[in-house]
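Participant: Shown below is the structure under consideration.
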Amino acid sequence: MEFHDVLKTRRSIRGFKPDPVSQELLDRVFEAVRIAPSACNLQPWKFLVLRTPEPKALVYEVYNRGAWLREAPMIVVALGNRKTAWKRLDGTSAHVIDVSIAMEHLVLAAANEGLGTCWICAFDQAQLHHKLGLSSEWDVVAMTPLGYPDGEVRPFSRKALAEIVEYR
Ligand SMILES: Cc1cc2nc3c(=O)[nH]c(=O)nc-3n(C[C@H](O)[C@H](O)[C@H](O)COP(=O)(O)O)c2cc1C
């Protein structure tokens with residue numbers, strides 16, 4: 001797809017077909033993740049692809065706002081490493097920024113392949129961290145279902161350019 005078409009057609013998908021996604025296609029999506037930029041190129045991330053019933057069920061326990069999540073053949077959980085990430089001048093870790101950029105690479109690459117995603121952050125991160133048995137330096141940043149879209153998307157709405165861009 002042309003780059004701007006990817007940007008314009010990508011939407012949060014909250015309905016999925018059960019169809020499996022080929023490994024070749026997944027590899028292309030994760031290659032887009034792999035090449036994402038990060039502060040000092042430290043790449044403080046890891047992506048868990050949950051595609052078997054047991055680990056997926058752990059996610060349903062922390063996010064029960066949508067039955068649609070259960071339809072997706074996969075859920076990708078994006079983790080950021082607080083210890084290995086670059087620290088900003090005030091000492092705070094850049095891992096959430098880094099992981100968010102890589103996650104959006106995933107989202108856009110998936111859209112380019114005809115796959116649907118939906119950023120999910122409205123869950124208890126500490127609870128999921130515990131359920132997944134992660135070590136302390138890893139933070140759960142976000143997750144997304146991944147699969148072939150099904151059903152309607154919500155109406156599109158955005159602020160006007162004049163509201164969000166200020167030239168000085
Ligand atoms: C950081 C972030 C967190 C989000 N968390 C959730 C969520 O927990 N559940 C959900 O259904 N959508 C979530 N969304 C999706 C937004 O609601 C959606 O991107 C927004 O309404 C714009 O719609 P669009 O993505 O279809 O263009 C999240 C999006 C972002 C960027």
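Chain labels A, B, ... are given in the sequence in which chains occur in the structure tokens; within each chain residues are numbered consecutively from 1, and ligands are likewise numbered from 1 in the order shown.
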Write out as a compact mmCIF listing (two decimals) with C-alpha atoms, in the first residue's frame each polymer residue (protein, DNA or RNA) that has an atom no more than 8 Å from ligand 1, with only C-alpha atoms and all ligand atoms counted.

Facilitator:
```txt
# COMPACT_ATOMS: atom_id res chain seq x y z
CA ARG A 10 -5.53 2.06 9.61
CA ARG A 11 -8.21 1.96 12.28
CA SER A 12 -8.57 0.31 15.65
CA ILE A 13 -10.07 -3.10 14.92
CA ARG A 14 -12.44 -4.62 17.44
CA ARG A 65 -13.95 -4.81 28.20
CA GLY A 66 -14.40 -6.55 24.89
CA CYS A 118 -6.03 -2.21 18.41
CA TRP A 119 -3.79 -0.55 20.97
CA ILE A 120 -4.89 -1.68 24.44
CA CYS A 121 -3.68 0.05 27.59
CA ALA A 122 -6.80 0.05 29.79
CA PHE A 123 -5.70 -2.83 32.00
CA ALA A 142 0.67 -2.04 25.81
CA VAL A 153 -15.06 0.23 12.82
CA ARG A 154 -16.12 3.18 14.94
CA PRO A 155 -16.71 6.57 13.26
CA PHE A 156 -13.55 8.50 12.51
CA SER A 157 -12.95 11.80 14.24
```

Participant: Can you list, as an mmCIF file with N, CA, C and O atoms, in the first residue's frame, all residues belonging to segment 13-151 of chain A that DSSP tags as helix (DSSP H, G or I)?

Facilitator:
```cif
data_model
loop_
_atom_site.group_PDB
_atom_site.id
_atom_site.type_symbol
_atom_site.label_atom_id
_atom_site.label_comp_id
_atom_site.auth_asym_id
_atom_site.auth_seq_id
_atom_site.Cartn_x
_atom_site.Cartn_y
_atom_site.Cartn_z
ATOM 1 N N GLN A 23 3.238 -17.425 8.991
ATOM 2 C CA GLN A 23 4.495 -17.020 9.635
ATOM 3 C C GLN A 23 5.249 -16.013 8.772
ATOM 4 O O GLN A 23 5.873 -15.087 9.287
ATOM 5 N N GLU A 24 5.147 -16.183 7.456
ATOM 6 C CA GLU A 24 5.823 -15.262 6.531
ATOM 7 C C GLU A 24 5.315 -13.835 6.734
ATOM 8 O O GLU A 24 6.095 -12.868 6.798
ATOM 9 N N LEU A 25 4.014 -13.726 6.884
ATOM 10 C CA LEU A 25 3.416 -12.406 7.095
ATOM 11 C C LEU A 25 3.805 -11.836 8.465
ATOM 12 O O LEU A 25 4.156 -10.662 8.600
ATOM 13 N N LEU A 26 3.786 -12.707 9.471
ATOM 14 C CA LEU A 26 4.194 -12.274 10.822
ATOM 15 C C LEU A 26 5.638 -11.790 10.812
ATOM 16 O O LEU A 26 5.973 -10.790 11.453
ATOM 17 N N ASP A 27 6.476 -12.498 10.086
ATOM 18 C CA ASP A 27 7.887 -12.117 10.017
ATOM 19 C C ASP A 27 8.044 -10.726 9.402
ATOM 20 O O ASP A 27 8.884 -9.938 9.841
ATOM 21 N N ARG A 28 7.218 -10.431 8.401
ATOM 22 C CA ARG A 28 7.302 -9.093 7.780
ATOM 23 C C ARG A 28 6.861 -8.014 8.767
ATOM 24 O O ARG A 28 7.459 -6.948 8.858
ATOM 25 N N VAL A 29 5.826 -8.312 9.520
ATOM 26 C CA VAL A 29 5.333 -7.345 10.511
ATOM 27 C C VAL A 29 6.394 -7.123 11.594
ATOM 28 O O VAL A 29 6.709 -5.979 11.952
ATOM 29 N N PHE A 30 6.984 -8.198 12.077
ATOM 30 C CA PHE A 30 7.976 -8.039 13.154
ATOM 31 C C PHE A 30 9.315 -7.500 12.651
ATOM 32 O O PHE A 30 10.075 -6.935 13.437
ATOM 33 N N GLU A 31 9.569 -7.630 11.364
ATOM 34 C CA GLU A 31 10.751 -6.975 10.796
ATOM 35 C C GLU A 31 10.581 -5.453 10.895
ATOM 36 O O GLU A 31 11.543 -4.730 11.190
ATOM 37 N N ALA A 32 9.357 -4.989 10.698
ATOM 38 C CA ALA A 32 9.078 -3.549 10.843
ATOM 39 C C ALA A 32 9.287 -3.110 12.288
ATOM 40 O O ALA A 32 9.732 -1.987 12.553
ATOM 41 N N VAL A 33 8.989 -3.983 13.211
ATOM 42 C CA VAL A 33 9.220 -3.694 14.632
ATOM 43 C C VAL A 33 10.723 -3.643 14.915
ATOM 44 O O VAL A 33 11.228 -2.734 15.580
ATOM 45 N N ARG A 34 11.421 -4.613 14.379
ATOM 46 C CA ARG A 34 12.858 -4.749 14.642
ATOM 47 C C ARG A 34 13.645 -3.515 14.225
ATOM 48 O O ARG A 34 14.626 -3.144 14.877
ATOM 49 N N ALA A 39 15.941 5.301 21.612
ATOM 50 C CA ALA A 39 16.943 6.219 22.164
ATOM 51 C C ALA A 39 18.286 5.500 22.302
ATOM 52 O O ALA A 39 18.356 4.410 22.885
ATOM 53 N N CYS A 40 19.340 6.114 21.752
ATOM 54 C CA CYS A 40 20.695 5.533 21.738
ATOM 55 C C CYS A 40 20.717 4.144 21.091
ATOM 56 O O CYS A 40 21.640 3.363 21.336
ATOM 57 N N ASN A 41 19.695 3.836 20.330
ATOM 58 C CA ASN A 41 19.582 2.540 19.635
ATOM 59 C C ASN A 41 19.664 1.356 20.605
ATOM 60 O O ASN A 41 20.173 0.284 20.260
ATOM 61 N N PRO A 53 -4.140 -21.104 23.910
ATOM 62 C CA PRO A 53 -5.245 -20.723 24.810
ATOM 63 C C PRO A 53 -4.812 -20.272 26.202
ATOM 64 O O PRO A 53 -5.339 -19.276 26.716
ATOM 65 N N GLU A 54 -3.851 -20.947 26.810
ATOM 66 C CA GLU A 54 -3.517 -20.635 28.215
ATOM 67 C C GLU A 54 -2.985 -19.207 28.413
ATOM 68 O O GLU A 54 -3.538 -18.461 29.234
ATOM 69 N N PRO A 55 -1.937 -18.804 27.687
ATOM 70 C CA PRO A 55 -1.470 -17.429 27.866
ATOM 71 C C PRO A 55 -2.483 -16.379 27.428
ATOM 72 O O PRO A 55 -2.573 -15.303 28.033
ATOM 73 N N LYS A 56 -3.288 -16.685 26.406
ATOM 74 C CA LYS A 56 -4.305 -15.718 25.978
ATOM 75 C C LYS A 56 -5.333 -15.505 27.092
ATOM 76 O O LYS A 56 -5.803 -14.379 27.331
ATOM 77 N N ALA A 57 -5.647 -16.596 27.796
ATOM 78 C CA ALA A 57 -6.634 -16.498 28.886
ATOM 79 C C ALA A 57 -6.154 -15.559 29.990
ATOM 80 O O ALA A 57 -6.963 -14.886 30.643
ATOM 81 N N LEU A 58 -4.840 -15.466 30.183
ATOM 82 C CA LEU A 58 -4.293 -14.556 31.203
ATOM 83 C C LEU A 58 -4.633 -13.111 30.858
ATOM 84 O O LEU A 58 -4.916 -12.290 31.734
ATOM 85 N N VAL A 59 -4.605 -12.819 29.563
ATOM 86 C CA VAL A 59 -4.932 -11.457 29.115
ATOM 87 C C VAL A 59 -6.425 -11.172 29.309
ATOM 88 O O VAL A 59 -6.801 -10.090 29.768
ATOM 89 N N TYR A 60 -7.282 -12.148 29.001
ATOM 90 C CA TYR A 60 -8.725 -11.924 29.169
ATOM 91 C C TYR A 60 -9.045 -11.595 30.635
ATOM 92 O O TYR A 60 -9.967 -10.846 30.914
ATOM 93 N N GLU A 61 -8.244 -12.159 31.552
ATOM 94 C CA GLU A 61 -8.498 -11.896 32.981
ATOM 95 C C GLU A 61 -8.233 -10.438 33.348
ATOM 96 O O GLU A 61 -8.836 -9.908 34.266
ATOM 97 N N VAL A 62 -7.289 -9.786 32.630
ATOM 98 C CA VAL A 62 -6.978 -8.390 32.982
ATOM 99 C C VAL A 62 -7.697 -7.393 32.079
ATOM 100 O O VAL A 62 -7.747 -6.203 32.371
ATOM 101 N N TRP A 68 -14.500 -9.087 21.768
ATOM 102 C CA TRP A 68 -13.784 -9.121 20.492
ATOM 103 C C TRP A 68 -12.334 -9.553 20.647
ATOM 104 O O TRP A 68 -11.751 -10.124 19.732
ATOM 105 N N LEU A 69 -11.749 -9.288 21.811
ATOM 106 C CA LEU A 69 -10.346 -9.661 22.016
ATOM 107 C C LEU A 69 -10.180 -11.180 21.908
ATOM 108 O O LEU A 69 -9.165 -11.680 21.434
ATOM 109 N N ARG A 70 -11.234 -11.907 22.325
ATOM 110 C CA ARG A 70 -11.181 -13.379 22.280
ATOM 111 C C ARG A 70 -11.239 -13.914 20.853
ATOM 112 O O ARG A 70 -10.904 -15.069 20.605
ATOM 113 N N GLU A 71 -11.700 -13.084 19.927
ATOM 114 C CA GLU A 71 -11.809 -13.541 18.533
ATOM 115 C C GLU A 71 -10.454 -13.557 17.839
ATOM 116 O O GLU A 71 -10.254 -14.281 16.872
ATOM 117 N N HIS A 95 11.998 3.985 28.030
ATOM 118 C CA HIS A 95 11.522 2.716 27.449
ATOM 119 C C HIS A 95 10.080 2.764 26.945
ATOM 120 O O HIS A 95 9.753 2.129 25.958
ATOM 121 N N VAL A 96 9.239 3.557 27.592
ATOM 122 C CA VAL A 96 7.840 3.602 27.150
ATOM 123 C C VAL A 96 7.738 4.299 25.782
ATOM 124 O O VAL A 96 6.976 3.871 24.912
ATOM 125 N N ILE A 97 8.558 5.333 25.594
ATOM 126 C CA ILE A 97 8.582 5.999 24.282
ATOM 127 C C ILE A 97 9.081 5.016 23.226
ATOM 128 O O ILE A 97 8.476 4.842 22.162
ATOM 129 N N ASP A 98 10.204 4.366 23.514
ATOM 130 C CA ASP A 98 10.804 3.430 22.550
ATOM 131 C C ASP A 98 9.807 2.329 22.156
ATOM 132 O O ASP A 98 9.622 2.031 20.971
ATOM 133 N N VAL A 99 9.199 1.736 23.161
ATOM 134 C CA VAL A 99 8.289 0.620 22.883
ATOM 135 C C VAL A 99 7.054 1.115 22.123
ATOM 136 O O VAL A 99 6.547 0.419 21.239
ATOM 137 N N SER A 100 6.615 2.317 22.437
ATOM 138 C CA SER A 100 5.436 2.852 21.750
ATOM 139 C C SER A 100 5.722 3.068 20.262
ATOM 140 O O SER A 100 4.863 2.812 19.408
ATOM 141 N N ILE A 101 6.925 3.534 19.959
ATOM 142 C CA ILE A 101 7.294 3.713 18.542
ATOM 143 C C ILE A 101 7.309 2.353 17.837
ATOM 144 O O ILE A 101 6.740 2.193 16.748
ATOM 145 N N ALA A 102 7.950 1.377 18.467
ATOM 146 C CA ALA A 102 8.033 0.042 17.855
ATOM 147 C C ALA A 102 6.635 -0.561 17.695
ATOM 148 O O ALA A 102 6.324 -1.207 16.686
ATOM 149 N N MET A 103 5.802 -0.327 18.680
ATOM 150 C CA MET A 103 4.422 -0.840 18.630
ATOM 151 C C MET A 103 3.665 -0.212 17.459
ATOM 152 O O MET A 103 2.918 -0.883 16.752
ATOM 153 N N GLU A 104 3.875 1.071 17.244
ATOM 154 C CA GLU A 104 3.170 1.716 16.124
ATOM 155 C C GLU A 104 3.732 1.231 14.786
ATOM 156 O O GLU A 104 2.988 1.152 13.804
ATOM 157 N N HIS A 105 5.020 0.893 14.746
ATOM 158 C CA HIS A 105 5.551 0.238 13.536
ATOM 159 C C HIS A 105 4.760 -1.047 13.276
ATOM 160 O O HIS A 105 4.379 -1.349 12.150
ATOM 161 N N LEU A 106 4.535 -1.800 14.344
ATOM 162 C CA LEU A 106 3.769 -3.057 14.212
ATOM 163 C C LEU A 106 2.370 -2.772 13.668
ATOM 164 O O LEU A 106 1.894 -3.420 12.736
ATOM 165 N N VAL A 107 1.735 -1.781 14.273
ATOM 166 C CA VAL A 107 0.353 -1.444 13.900
ATOM 167 C C VAL A 107 0.264 -1.057 12.417
ATOM 168 O O VAL A 107 -0.618 -1.524 11.686
ATOM 169 N N LEU A 108 1.208 -0.228 11.972
ATOM 170 C CA LEU A 108 1.165 0.237 10.580
ATOM 171 C C LEU A 108 1.574 -0.868 9.607
ATOM 172 O O LEU A 108 0.979 -1.012 8.535
ATOM 173 N N ALA A 109 2.575 -1.649 9.985
ATOM 174 C CA ALA A 109 2.998 -2.760 9.122
ATOM 175 C C ALA A 109 1.866 -3.776 9.004
ATOM 176 O O ALA A 109 1.620 -4.319 7.923
ATOM 177 N N ALA A 110 1.165 -4.014 10.100
ATOM 178 C CA ALA A 110 0.029 -4.946 10.075
ATOM 179 C C ALA A 110 -1.055 -4.417 9.141
ATOM 180 O O ALA A 110 -1.599 -5.157 8.308
ATOM 181 N N ALA A 111 -1.352 -3.131 9.252
ATOM 182 C CA ALA A 111 -2.385 -2.523 8.390
ATOM 183 C C ALA A 111 -1.990 -2.681 6.921
ATOM 184 O O ALA A 111 -2.829 -2.969 6.062
ATOM 185 N N ASN A 112 -0.720 -2.499 6.641
ATOM 186 C CA ASN A 112 -0.220 -2.625 5.265
ATOM 187 C C ASN A 112 -0.427 -4.032 4.719
ATOM 188 O O ASN A 112 -0.540 -4.238 3.519
ATOM 189 N N GLN A 125 -1.435 -3.076 34.571
ATOM 190 C CA GLN A 125 -0.140 -3.554 34.062
ATOM 191 C C GLN A 125 0.560 -4.478 35.067
ATOM 192 O O GLN A 125 1.177 -5.472 34.688
ATOM 193 N N ALA A 126 0.468 -4.126 36.349
ATOM 194 C CA ALA A 126 1.143 -4.928 37.378
ATOM 195 C C ALA A 126 0.542 -6.335 37.437
ATOM 196 O O ALA A 126 1.263 -7.331 37.590
ATOM 197 N N GLN A 127 -0.773 -6.385 37.265
ATOM 198 C CA GLN A 127 -1.458 -7.682 37.307
ATOM 199 C C GLN A 127 -1.002 -8.573 36.145
ATOM 200 O O GLN A 127 -0.703 -9.751 36.336
ATOM 201 N N LEU A 128 -0.928 -7.989 34.947
ATOM 202 C CA LEU A 128 -0.507 -8.786 33.788
ATOM 203 C C LEU A 128 0.967 -9.176 33.914
ATOM 204 O O LEU A 128 1.359 -10.302 33.578
ATOM 205 N N HIS A 129 1.773 -8.251 34.423
ATOM 206 C CA HIS A 129 3.189 -8.518 34.663
ATOM 207 C C HIS A 129 3.340 -9.774 35.538
ATOM 208 O O HIS A 129 4.127 -10.685 35.235
ATOM 209 N N HIS A 130 2.560 -9.818 36.594
ATOM 210 C CA HIS A 130 2.606 -10.948 37.523
ATOM 211 C C HIS A 130 2.128 -12.236 36.844
ATOM 212 O O HIS A 130 2.783 -13.280 36.937
ATOM 213 N N LYS A 131 1.020 -12.135 36.139
ATOM 214 C CA LYS A 131 0.451 -13.333 35.506
ATOM 215 C C LYS A 131 1.397 -13.926 34.455
ATOM 216 O O LYS A 131 1.453 -15.130 34.259
#
```

Participant: Can you check which residues of chain A DSSP gives as strand (DSSP E or B) on the backbone and send them as a PyMOL selection string?

Facilitator: chain A and resi 12+16+45-50+74-81+87+93+116-117+120+138-147+149

Participant: What separation in Å, quoted to one decimal, exists between atom CA of Leu42 of chain A and atom CA of Leu132 of chain A?

Facilitator: 23.6 Å

Participant: Figure out the distance between atom CA of Thr117 of chain A and atom CA of Gly151 of chain A, please, to one decimal in Å.

Facilitator: 13.2 Å

Participant: Nearest to Tyr63 of chain A among A:Arg158, A:Asp124, A:Ile75, A:Lys8, with distances taken over only C-alpha atoms: which residue is it?

Facilitator: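 The answer is A:Asp124, which sits nearest to Tyr63 of chain A.
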
Participant: Can you measure atom CA of Ser38 of chain A to atom CA of Asp5 of chain A for me? One decimal in Å is fine.

Facilitator: 25.3 Å

Participant: Using only C-alpha atoms, find the one residue out of A:Glu137, A:Glu2, A:Glu166, A:Asp150 that sits nearest to Leu115 of chain A.

Facilitator: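 The answer is A:Asp150, which sits nearest to Leu115 of chain A.
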
Participant: List as a list in words the protein and nucleic acid residues near Arg82 of chain A, meaning an atom at most 10 Å away when only C-alpha atoms are counted, but skip any in the same chain fewer than 3 places from it.

Facilitator: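 Returned residues: Pro44, Trp45, Leu79, Ala85, Trp86, Lys87, Thr92, Ser93, Ala94, His95, Val96, Ser136, Glu137, Trp138 and Asp139 of chain A.
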
Participant: If we count only C-alpha atoms and set the cut-off at 9 Å, which residues sit around Lys17 of chain A, ignoring sequence neighbours fewer than 2 positions away in its own chain? Please answer as a VMD selection string.

Facilitator: chain A and resid 15 19 to 20 71 to 73 147 to 150

Participant: Calculated over only C-alpha atoms, which of the candidates A:Val21, A:Leu50, A:Met143, A:Ile35 has the smallest distance to Ala78 of chain A?

Facilitator: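 Among A:Val21, A:Leu50, A:Met143, A:Ile35, it is A:Met143 that comes nearest to Ala78 of chain A.
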